[in-house]
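Trainee: Here you go, one structure.
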Amino acid sequence: MKKVFKRAFIGVTAIIVLLAALYFALGLYYMGGFPCFTWINGIYCTGKSVSEVNAELLESSPYDGIAVMDKSGARLFVSARDTDLTMDYRGALTEVFENMDPLKWGIYVFKNLTCEYEPDVALSKDKVAELVSDWEIFIDPSDLKCSIEKTADGYVLENAFISLPEKEKIVDKVYESMLKRQSVLDLAECEDCYKELDVRSSDRDKVEVFTKLDGLQNFNITYDLEGVKVSLDKGKASGFILTQRDYDAALEEKTSKNNPGLGHFIIAGEEKELPAEEDIKIVEGIVTDAEYNPIVSESKIYDFLKNIADSHDTSWMMDEYRKGVSNTIIVNSSSKGDGSIFDIKSEFEYLRDQMMAGTLGMPQEKSLALSENAVVYDANEKLGKTYIEVDMGKQMLYYYVDGELNMDMPVVTGNVNRSRGTPTGIYPVYNKRYHTYLRGVDYVSYVNYWLGVNKGVGIHDANWRSKFGEEIYKSDGSHGCINCPYDSVEVLWDVVDIGTPVILYY
């Protein structure tokens with residue numbers, strides 16, 4: 001039994017000695033390289049020398065350079081090669097290597113060494129400065145000019161204040177970023193890389209013109225047109241300012257009763273005639289007088305208001321009524337062919353006086369003043385959903401049944417140039433006649449179909465005409481009736497009842 005224990009003891013001792021010898025041999029082996037289970041920056045380093053690991057790290061993490069972005073969106077790539085940039089991990093690797101005892105490699109098996117290190121980076125700052133200095137973002141401050149630009153929001157003074165890039169600070173920032181091996185540098189995040197430069201002092205004439213100009217365009221009026229809002233803001237008011245492109249046409253303007261703005265201009269708060277060409281200055285395409293006062297065209301103010309009125313006339317109100325938006329219908333009661341329902345002249349005078357007095361800017365909401373001939377109707381009460389509509393501006397007749405268009409036809413209405421214009425308003429069909437004669441002071445006409453509308457005015461066929469619509473009514477119109485093509489009025493006469501409302505308007 002003793003012999004068995006003795007042999008076992010000798011065997012175990014031999015194994016221990018053998019393992020110790022093997023452990024010591026591996027320790028001697030690791031004296032020339034990193035111990036087992038050592039990872040640095042994702043590289044397995046066991047048994048490798050500092051130089052070998054350094055080479056692998058450099059290969060696995062190359063650095064090409066940095067992309068620099070300016071506030072303006074301009075880009076510059078600074079190449080690592082062009083700046084003589086070098087990287088070396090040996091300093092950190094040597095420190096790690098020297099602090100490891102190769103004979104303790106057994107302990108490191110269980111520690112599973114994983115390390116992250118940055119390389120030592122070196123590059124030429126002079127070469128960085130040379131590369132960055134050629135970037136196009138660096139401009140001579142004396143070359144900077146502000147400008148007056150027309151935008152959707154009116155005239156604006158562009159480039160009055162410039163963020164000027166600071167070359168030395170940008171060079172420092174690029175150099176520091178490359179030392180850290182950054183691949184992107186956004187200068188917008190670097191507050192110290194720019195300085196604010198006031199350019200206005202170098203363009204005093206532009207600044208003076210813009211200051212006066214901004215006061216003239218400072219409108220903030222909202223017109224309420226039966227629930228529809230139309231604004232007069234800077235963007236629209238800037239169109240009142242006379243430009244070089246409009247100057248020749250403005251010189252030809254003659255005063256007119258139809259457009260009280262023609263031939264009149266607002267200069268420095270006064271209504272004046274347009275200065276001669278030798279007495280004006282052109283600044284950024286804007287016409288000013290000799291004292292740099294921008295010139296306002298009164299005709300453009302009037303045209304703006306006229307366009308609002310023309311696009312929101314009786315025809316537009318009829319469309320709104322059919323859409324269910326509004327029940328209000330306004331008609332000009334004059335039969336002279338003027339369908340305007342708003343008093344544009346008084347509205348023009350209001351804007352003109354505000355501009356001359358310099359009392360613009362405060363928000364206002366107002367309705368356009370109605371003309372003295374305007375008559376307001378409740379369409380639900382006067383028209384209903386089945387009615388005849390005669391748009392004399394378009395020379396068209398429409399017949400609606402239950403709100404839906406049933407038929408339409410071109411017509412010829414009263415001759416407005418001979419004071420025989422068709423009366424306007426809303427009237428019921430008061431009678432229907434078939435095969436009848438129409439008699440006047442200087443005529444007798446036979447018609448097949450007649451729908452009486454207002455006194456002696458009615459809707460009827462006119463076989464003596466070969467054309468209808470267009471502008472015939474202005475030179476060869478009727479005595480006031482609504483002349484229609486035979487085939488169309490025949491159908492209309494057959495389906496229209498007495499009492500059917502008829503709206504007539506220009």
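Labeling convention for the structure tokens: chains A, B, ... as they appear, residues from 1 per chain, ligands from 1 in order of appearance.
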To test your reading of the structure, identify every residue in region 229-350 of chain A that backbone DSSP assigns to alpha helix (DSSP H), and report it as an mmCIF file with C-alpha atoms, in the first residue's frame.
Mentor:
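Result file follows (part16.cif):
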```cif
data_model
loop_
_atom_site.group_PDB
_atom_site.id
_atom_site.type_symbol
_atom_site.label_atom_id
_atom_site.label_comp_id
_atom_site.auth_asym_id
_atom_site.auth_seq_id
_atom_site.Cartn_x
_atom_site.Cartn_y
_atom_site.Cartn_z
ATOM 1 C CA LYS A 234 -45.235 94.308 -47.444
ATOM 2 C CA GLY A 235 -44.991 91.811 -50.284
ATOM 3 C CA LYS A 236 -47.857 93.458 -52.182
ATOM 4 C CA ALA A 237 -47.169 97.045 -51.129
ATOM 5 C CA GLN A 244 -36.190 101.435 -63.318
ATOM 6 C CA ARG A 245 -38.085 98.973 -65.497
ATOM 7 C CA ASP A 246 -41.320 100.953 -65.038
ATOM 8 C CA TYR A 247 -39.846 104.446 -65.338
ATOM 9 C CA ASP A 248 -40.353 105.004 -69.081
ATOM 10 C CA ALA A 249 -43.981 103.880 -68.899
ATOM 11 C CA ALA A 250 -44.542 106.122 -65.868
ATOM 12 C CA LEU A 251 -43.249 109.116 -67.833
ATOM 13 C CA GLU A 298 -50.249 106.076 -57.335
ATOM 14 C CA SER A 299 -51.531 104.269 -60.414
ATOM 15 C CA LYS A 300 -50.115 101.026 -59.011
ATOM 16 C CA ILE A 301 -52.011 101.600 -55.763
ATOM 17 C CA TYR A 302 -55.216 102.126 -57.721
ATOM 18 C CA ASP A 303 -54.591 99.080 -59.930
ATOM 19 C CA PHE A 304 -54.108 96.909 -56.836
ATOM 20 C CA LEU A 305 -57.502 97.927 -55.455
ATOM 21 C CA LYS A 306 -59.151 97.649 -58.882
ATOM 22 C CA ASN A 307 -57.850 94.078 -59.226
ATOM 23 C CA ILE A 308 -59.360 93.170 -55.850
ATOM 24 C CA ALA A 309 -62.706 94.655 -56.896
ATOM 25 C CA ASP A 310 -62.673 93.027 -60.350
ATOM 26 C CA SER A 311 -61.897 89.594 -58.909
ATOM 27 C CA THR A 314 -71.082 90.028 -58.726
ATOM 28 C CA SER A 315 -70.013 87.023 -60.808
ATOM 29 C CA TRP A 316 -67.673 85.908 -58.013
ATOM 30 C CA MET A 317 -70.451 86.392 -55.444
ATOM 31 C CA MET A 318 -72.748 84.197 -57.518
ATOM 32 C CA ASP A 319 -70.094 81.462 -57.464
ATOM 33 C CA GLU A 320 -69.765 81.828 -53.685
ATOM 34 C CA TYR A 321 -73.535 81.585 -53.350
ATOM 35 C CA ARG A 322 -73.661 78.381 -55.397
ATOM 36 C CA LYS A 323 -70.871 76.922 -53.238
ATOM 37 C CA ILE A 344 -62.407 102.080 -55.395
ATOM 38 C CA LYS A 345 -61.797 105.827 -55.572
ATOM 39 C CA SER A 346 -62.440 106.391 -51.870
ATOM 40 C CA GLU A 347 -60.353 103.342 -50.941
ATOM 41 C CA PHE A 348 -57.540 104.624 -53.158
ATOM 42 C CA GLU A 349 -57.644 108.030 -51.506
ATOM 43 C CA TYR A 350 -57.502 106.381 -48.084
#
```
Trainee: Pick out the residues sitting within 10 Å of region 474-491 of chain A, and hand them over as a ChimeraX atom specification; count only C-alpha atoms, and ignore anything fewer than 4 positions along from it in its own chain.
Mentor: /A:335,337,390,392,395-397,407-423,434,440,443,447-454,456-470,495-496,504
Trainee: I want to know what sits within 10 Å of Lys180 (chain A), based on only C-alpha atoms, with residues of the same chain fewer than 2 positions away left out; could you give that as a PyMOL selection string?
Mentor: chain A and resi 118-121+174-178+182-183
Trainee: Got time to write the residues from that selection, N, CA, C and O atoms, as an mmCIF file, in the first residue's frame?
Mentor:
```cif
data_model
loop_
_atom_site.group_PDB
_atom_site.id
_atom_site.type_symbol
_atom_site.label_atom_id
_atom_site.label_comp_id
_atom_site.auth_asym_id
_atom_site.auth_seq_id
_atom_site.Cartn_x
_atom_site.Cartn_y
_atom_site.Cartn_z
ATOM 1 N N GLU A 118 -5.255 55.803 -27.923
ATOM 2 C CA GLU A 118 -5.155 56.732 -29.041
ATOM 3 C C GLU A 118 -3.678 56.842 -29.436
ATOM 4 O O GLU A 118 -2.784 56.797 -28.576
ATOM 5 N N PRO A 119 -3.438 57.043 -30.735
ATOM 6 C CA PRO A 119 -2.035 57.174 -31.160
ATOM 7 C C PRO A 119 -1.503 58.575 -30.887
ATOM 8 O O PRO A 119 -2.268 59.514 -30.668
ATOM 9 N N ASP A 120 -0.229 58.688 -30.907
ATOM 10 C CA ASP A 120 0.391 60.014 -30.900
ATOM 11 C C ASP A 120 0.332 60.539 -32.334
ATOM 12 O O ASP A 120 0.743 59.849 -33.278
ATOM 13 N N VAL A 121 -0.250 61.758 -32.505
ATOM 14 C CA VAL A 121 -0.428 62.328 -33.847
ATOM 15 C C VAL A 121 0.427 63.583 -33.967
ATOM 16 O O VAL A 121 0.472 64.422 -33.053
ATOM 17 N N VAL A 174 -8.974 73.554 -37.216
ATOM 18 C CA VAL A 174 -8.694 72.434 -38.113
ATOM 19 C C VAL A 174 -7.494 71.635 -37.582
ATOM 20 O O VAL A 174 -7.518 70.394 -37.560
ATOM 21 N N TYR A 175 -6.444 72.344 -37.180
ATOM 22 C CA TYR A 175 -5.242 71.682 -36.649
ATOM 23 C C TYR A 175 -5.579 70.820 -35.424
ATOM 24 O O TYR A 175 -5.185 69.650 -35.337
ATOM 25 N N GLU A 176 -6.334 71.400 -34.487
ATOM 26 C CA GLU A 176 -6.704 70.664 -33.266
ATOM 27 C C GLU A 176 -7.586 69.458 -33.594
ATOM 28 O O GLU A 176 -7.445 68.390 -32.986
ATOM 29 N N SER A 177 -8.475 69.628 -34.556
ATOM 30 C CA SER A 177 -9.380 68.537 -34.928
ATOM 31 C C SER A 177 -8.629 67.404 -35.601
ATOM 32 O O SER A 177 -8.947 66.223 -35.396
ATOM 33 N N MET A 178 -7.599 67.733 -36.399
ATOM 34 C CA MET A 178 -6.806 66.688 -37.045
ATOM 35 C C MET A 178 -5.931 65.957 -36.038
ATOM 36 O O MET A 178 -5.674 64.757 -36.192
ATOM 37 N N GLN A 182 -10.358 63.758 -36.181
ATOM 38 C CA GLN A 182 -11.763 63.942 -36.542
ATOM 39 C C GLN A 182 -11.899 63.961 -38.066
ATOM 40 O O GLN A 182 -11.043 64.514 -38.765
ATOM 41 N N SER A 183 -12.972 63.363 -38.571
ATOM 42 C CA SER A 183 -13.168 63.301 -40.022
ATOM 43 C C SER A 183 -14.042 64.434 -40.550
ATOM 44 O O SER A 183 -14.024 64.726 -41.748
#
```
Trainee: Using only C-alpha atoms, determine which residues lie at most 10 Å from Lys48 (chain A), disregarding the query and same-chain residues fewer than 4 positions distant; provide the list as a list of chain:residue names.
Mentor: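 Contacts, with the query itself left out: A:Tyr30, A:Gly32, A:Gly33, A:Phe34, A:Pro35, A:Cys36, A:Thr38, A:Tyr44, A:Glu52, A:Val53, A:Asn54.
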Trainee: Would you give me, as a VMD selection string, the residues in region 119-202 of chain A that DSSP reads as strand (DSSP E)?
Mentor: chain A and resid 120 to 122 147 to 151 154 to 158 161 to 165 184 to 186 194 to 198
Trainee: Could you please take those selected residues and save C-alpha atoms as a short mmCIF file (atom, residue, chain, number, x, y, z; two decimals), in the first residue's frame?
Mentor:
```
data_model
loop_
_atom_site.label_atom_id
_atom_site.label_comp_id
_atom_site.auth_asym_id
_atom_site.auth_seq_id
_atom_site.Cartn_x
_atom_site.Cartn_y
_atom_site.Cartn_z
CA ASP A 120 0.39 60.01 -30.90
CA VAL A 121 -0.43 62.33 -33.85
CA ALA A 122 1.87 64.91 -35.39
CA SER A 147 -27.96 94.94 -51.41
CA ILE A 148 -31.67 95.69 -51.63
CA GLU A 149 -33.56 92.61 -52.82
CA LYS A 150 -37.21 92.15 -53.79
CA THR A 151 -38.72 89.08 -52.09
CA GLY A 154 -41.25 92.86 -49.82
CA TYR A 155 -37.91 94.60 -50.14
CA VAL A 156 -35.21 93.48 -47.73
CA LEU A 157 -31.67 94.69 -47.05
CA GLU A 158 -29.44 91.70 -47.70
CA PHE A 161 -24.50 92.04 -41.31
CA ILE A 162 -22.01 89.39 -42.39
CA SER A 163 -20.56 86.52 -40.39
CA LEU A 164 -16.96 86.89 -41.49
CA PRO A 165 -14.80 83.75 -41.02
CA VAL A 184 -15.72 66.16 -40.08
CA LEU A 185 -15.58 69.71 -38.73
CA ASP A 186 -18.72 71.89 -38.88
CA TYR A 194 -16.68 83.98 -37.05
CA LYS A 195 -17.08 87.63 -36.26
CA GLU A 196 -20.13 89.77 -37.05
CA LEU A 197 -19.33 92.58 -39.49
CA ASP A 198 -21.67 95.55 -40.06
#
```
Trainee: If we count only C-alpha atoms and set the cut-off at 8 Å, which residues sit around region 57-59 of chain A, ignoring sequence neighbours fewer than 6 positions away in its own chain? Please answer as a PDB file with all heavy atoms, in the first residue's frame.
Mentor:
```pdb
ATOM      1  N   ASN A  41      -7.424  47.877 -29.016  1.00  0.00           N
ATOM      2  CA  ASN A  41      -8.172  48.512 -30.121  1.00  0.00           C
ATOM      3  C   ASN A  41      -8.704  47.478 -31.115  1.00  0.00           C
ATOM      4  O   ASN A  41      -8.690  47.670 -32.329  1.00  0.00           O
ATOM      5  CB  ASN A  41      -7.310  49.527 -30.884  1.00  0.00           C
ATOM      6  CG  ASN A  41      -6.974  50.744 -30.050  1.00  0.00           C
ATOM      7  OD1 ASN A  41      -7.223  50.749 -28.848  1.00  0.00           O
ATOM      8  ND2 ASN A  41      -6.410  51.772 -30.669  1.00  0.00           N
ATOM      9  N   ILE A  43      -7.392  44.591 -31.829  1.00  0.00           N
ATOM     10  CA  ILE A  43      -6.326  43.765 -32.421  1.00  0.00           C
ATOM     11  C   ILE A  43      -5.869  42.732 -31.386  1.00  0.00           C
ATOM     12  O   ILE A  43      -5.574  43.072 -30.241  1.00  0.00           O
ATOM     13  CB  ILE A  43      -5.134  44.636 -32.859  1.00  0.00           C
ATOM     14  CG1 ILE A  43      -5.570  45.656 -33.921  1.00  0.00           C
ATOM     15  CG2 ILE A  43      -3.990  43.767 -33.384  1.00  0.00           C
ATOM     16  CD1 ILE A  43      -6.031  45.047 -35.228  1.00  0.00           C
ATOM     17  N   MET A  87       1.076  59.063 -37.445  1.00  0.00           N
ATOM     18  CA  MET A  87       0.456  58.492 -36.247  1.00  0.00           C
ATOM     19  C   MET A  87       1.366  57.388 -35.713  1.00  0.00           C
ATOM     20  O   MET A  87       2.015  56.676 -36.477  1.00  0.00           O
ATOM     21  CB  MET A  87      -0.928  57.922 -36.577  1.00  0.00           C
ATOM     22  CG  MET A  87      -1.932  58.949 -37.059  1.00  0.00           C
ATOM     23  SD  MET A  87      -3.610  58.255 -37.136  1.00  0.00           S
ATOM     24  CE  MET A  87      -3.386  56.891 -38.279  1.00  0.00           C
ATOM     25  N   ASP A  88       1.392  57.208 -34.395  1.00  0.00           N
ATOM     26  CA  ASP A  88       2.260  56.195 -33.783  1.00  0.00           C
ATOM     27  C   ASP A  88       1.651  55.758 -32.452  1.00  0.00           C
ATOM     28  O   ASP A  88       1.370  56.595 -31.594  1.00  0.00           O
ATOM     29  CB  ASP A  88       3.651  56.797 -33.544  1.00  0.00           C
ATOM     30  CG  ASP A  88       4.698  55.716 -33.262  1.00  0.00           C
ATOM     31  OD1 ASP A  88       4.282  54.583 -32.949  1.00  0.00           O
ATOM     32  OD2 ASP A  88       5.893  56.009 -33.368  1.00  0.00           O
ATOM     33  N   TYR A  89       1.430  54.438 -32.331  1.00  0.00           N
ATOM     34  CA  TYR A  89       0.874  53.883 -31.091  1.00  0.00           C
ATOM     35  C   TYR A  89       1.961  53.384 -30.149  1.00  0.00           C
ATOM     36  O   TYR A  89       1.655  52.873 -29.056  1.00  0.00           O
ATOM     37  CB  TYR A  89      -0.052  52.702 -31.421  1.00  0.00           C
ATOM     38  CG  TYR A  89      -1.358  53.081 -32.055  1.00  0.00           C
ATOM     39  CD1 TYR A  89      -1.468  53.201 -33.438  1.00  0.00           C
ATOM     40  CD2 TYR A  89      -2.491  53.296 -31.285  1.00  0.00           C
ATOM     41  CE1 TYR A  89      -2.668  53.517 -34.033  1.00  0.00           C
ATOM     42  CE2 TYR A  89      -3.715  53.617 -31.871  1.00  0.00           C
ATOM     43  CZ  TYR A  89      -3.787  53.726 -33.252  1.00  0.00           C
ATOM     44  OH  TYR A  89      -4.982  54.048 -33.818  1.00  0.00           O
TER      45      TYR A  89
END
```
Trainee: So that I can see what lies close to Tyr377 (chain A), please list as a PyMOL selection string the residues with an atom at most 8 Å from it, counting only C-alpha atoms and leaving out residues fewer than 5 positions away in the same chain.
Mentor: chain A and resi 328-331+382
